[in-house]
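The block underneath contains the structure these notes are about, expressed in structure tokens.
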Amino acid sequence: FWLKVHYCSLSTSHSSAPCCGPPQLESLFVTMPSKRRNNGRSKKGRGHTAIVRCINCCRCVPKDKAIKRFQVRNMCDASSQRDLRDASVYSTFTMPKLYNKMIYCVSCAIHARVVRVRNKKLRASPEGRIYVRPTFGKGGGKGN
């Protein structure tokens with residue numbers, strides 16, 4: 001076998017004592033650091049979850065890892081709503097809304113600014129989980 005591990009070179013002591021055998025098993029296994037406590041998923045105790053498709057790029061994403069948002073829209077625009085309200089017999093008729101479930105992969109959600117990149121301190125703290133809606137075009141930017 002081409003790979004030989006010399007156990008004395010792995011030990012911390014640099015004494016000239018003869019090799020005392022292999023080190024303990026715990027010292028051979030090194031755990032990788034984890035960026036998130038849940039490893040970016042909400043799969044606890046499940047071996048496998050179903051896949052869903054990203055609505056933007058059609059990438060296969062595990063269902064528990066996908067970023068899911070509801071897009072609530074009116075069925076018609078404001079002027080058409082006003083016309084329907086004027087022509088309606090019922091005085092307290094409310095137009096139904098369209099509820100569309102948007103499913104994104106992580107890269108498309110970051111690109112579309114559905115979620116933001118947060119630093120390590122904000123990821124760990126509870127106030128980092130509060131979503132702050134971005135303000136586009138409102139306030140002192142260059143384009144205004």
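Residue numbering restarts at 1 in every chain; chains get A, B, ... in the order shown in the structure tokens, and ligands count up from 1 in that same order.
For Val61 of chain A, the list of residues within 10 Å, based on only C-alpha atoms and with local chain neighbours fewer than 2 positions off taken out, reads Thr49, Ala50, Ile51, Val52, Arg53, Cys54, Cys58, Arg59, Lys63, Asp64, Lys65, Ala66, Ile67, Ile103, Tyr104, Cys105 and Val106 of chain A.
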When DSSP is applied to the backbone of this structure, which of segment 41-105 of chain A are assigned strand (DSSP E or B)? Write them out as a VMD selection string. chain A and resid 51 to 53 60 to 62 67 to 74 97 to 104
Would you pick out the contacts of Phe93 of chain A at 12 Å or less, using only C-alpha atoms, so that residues sharing its chain but fewer than 4 positions from it are not included, and give the list as a short mmCIF file (atom, residue, chain, number, x, y, z; two decimals) with all heavy atoms, in the first residue's frame?
data_model
loop_
_atom_site.label_atom_id
_atom_site.label_comp_id
_atom_site.auth_asym_id
_atom_site.auth_seq_id
_atom_site.Cartn_x
_atom_site.Cartn_y
_atom_site.Cartn_z
N GLN A 81 -61.03 46.87 -10.60
CA GLN A 81 -61.73 46.62 -9.33
C GLN A 81 -62.77 47.70 -9.06
O GLN A 81 -63.87 47.42 -8.60
CB GLN A 81 -60.72 46.57 -8.18
CG GLN A 81 -60.50 45.20 -7.64
CD GLN A 81 -59.54 45.20 -6.46
OE1 GLN A 81 -58.87 46.19 -6.18
NE2 GLN A 81 -59.48 44.09 -5.78
N ARG A 82 -62.40 48.93 -9.36
CA ARG A 82 -63.32 50.04 -9.16
C ARG A 82 -64.55 49.90 -10.07
O ARG A 82 -65.68 50.10 -9.65
CB ARG A 82 -62.61 51.36 -9.43
CG ARG A 82 -63.33 52.58 -8.87
CD ARG A 82 -62.56 53.88 -9.11
NE ARG A 82 -61.12 53.79 -8.94
CZ ARG A 82 -60.23 53.86 -9.93
NH1 ARG A 82 -60.63 54.00 -11.18
NH2 ARG A 82 -58.94 53.79 -9.69
N LEU A 84 -65.77 47.10 -11.31
CA LEU A 84 -66.56 45.97 -10.82
C LEU A 84 -67.35 46.35 -9.57
O LEU A 84 -68.50 45.94 -9.39
CB LEU A 84 -65.65 44.78 -10.50
CG LEU A 84 -65.11 44.02 -11.71
CD1 LEU A 84 -64.02 43.05 -11.29
CD2 LEU A 84 -66.23 43.27 -12.42
N ARG A 85 -66.72 47.16 -8.69
CA ARG A 85 -67.40 47.59 -7.49
C ARG A 85 -68.59 48.50 -7.81
O ARG A 85 -69.65 48.41 -7.20
CB ARG A 85 -66.41 48.32 -6.57
CG ARG A 85 -66.84 48.35 -5.12
CD ARG A 85 -65.83 49.04 -4.20
NE ARG A 85 -64.46 48.60 -4.41
CZ ARG A 85 -63.46 49.41 -4.79
NH1 ARG A 85 -63.66 50.68 -5.01
NH2 ARG A 85 -62.25 48.93 -4.96
N ASP A 86 -68.43 49.36 -8.82
CA ASP A 86 -69.52 50.25 -9.22
C ASP A 86 -70.66 49.48 -9.88
O ASP A 86 -71.84 49.79 -9.67
CB ASP A 86 -69.01 51.32 -10.17
CG ASP A 86 -68.04 52.27 -9.50
OD1 ASP A 86 -68.04 52.31 -8.25
OD2 ASP A 86 -67.27 52.94 -10.21
N ALA A 87 -70.33 48.44 -10.67
CA ALA A 87 -71.35 47.69 -11.39
C ALA A 87 -71.96 46.57 -10.55
O ALA A 87 -72.94 45.95 -10.98
CB ALA A 87 -70.75 47.10 -12.66
N SER A 88 -71.40 46.31 -9.38
CA SER A 88 -71.85 45.18 -8.57
C SER A 88 -73.16 45.49 -7.84
O SER A 88 -73.43 46.62 -7.45
CB SER A 88 -70.78 44.83 -7.54
OG SER A 88 -71.22 43.79 -6.72
N VAL A 89 -73.97 44.44 -7.67
CA VAL A 89 -75.22 44.56 -6.94
C VAL A 89 -74.93 44.56 -5.43
O VAL A 89 -75.60 45.26 -4.66
CB VAL A 89 -76.17 43.39 -7.31
CG1 VAL A 89 -77.46 43.45 -6.50
CG2 VAL A 89 -76.44 43.39 -8.80
#
Enumerate the residues of segment 18-137 of chain A with a DSSP assignment of helix (DSSP H, G or I), computed from the backbone, and present them as a list in words.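 Those residues are Leu25, Glu26, Ser27, Leu28, Ala78, Ser79, Ser80, Gln81, Arg82, Asp83, Leu84, Arg85, Asp86, Ala87, Val106, Ser107, Cys108, Ala109, Ile110, His111, Lys120, Lys121, Leu122, Arg123, Ala124, Pro126, Glu127, Gly128 and Arg129 of chain A.
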Atom pair atom CA of Lys68 of chain A / atom CA of Met102 of chain A: separation (Å): 5.7 Å
Compare A:Asn56, A:Arg41, A:Arg46, A:Gln71 by their minimum atom-to-atom distance to Lys101 of chain A, counting only C-alpha atoms, and give me the closest one.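 That would be A:Gln71, the residue with the smallest distance to Lys101 of chain A.
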Compile the contact shell of Arg118 of chain A as a PyMOL selection string: residues with an atom at most 10 Å away, counting only C-alpha atoms, same-chain residues fewer than 5 positions apart removed. chain A and resi 123-124+128-129
Of the candidates A:Lys97, A:Lys120, A:Lys43, A:Arg69, which one gets nearest to Ile55 of chain A if we count only C-alpha atoms?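 The closest residue to Ile55 of chain A is A:Arg69.
Proximity of A:Ser42, A:Met95, A:Lys121, A:Pro126 to Asn74 of chain A, computed with only C-alpha atoms, is greatest for A:Met95.
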Separation of atom CA of Val117 of chain A and atom CA of Lys44 of chain A, in Å?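 The value is 23.5 Å.
Nearest residue to Ala109 of chain A among A:Thr94, A:Ser79, A:Val72, A:Cys57 is A:Cys57, counting only C-alpha atoms.
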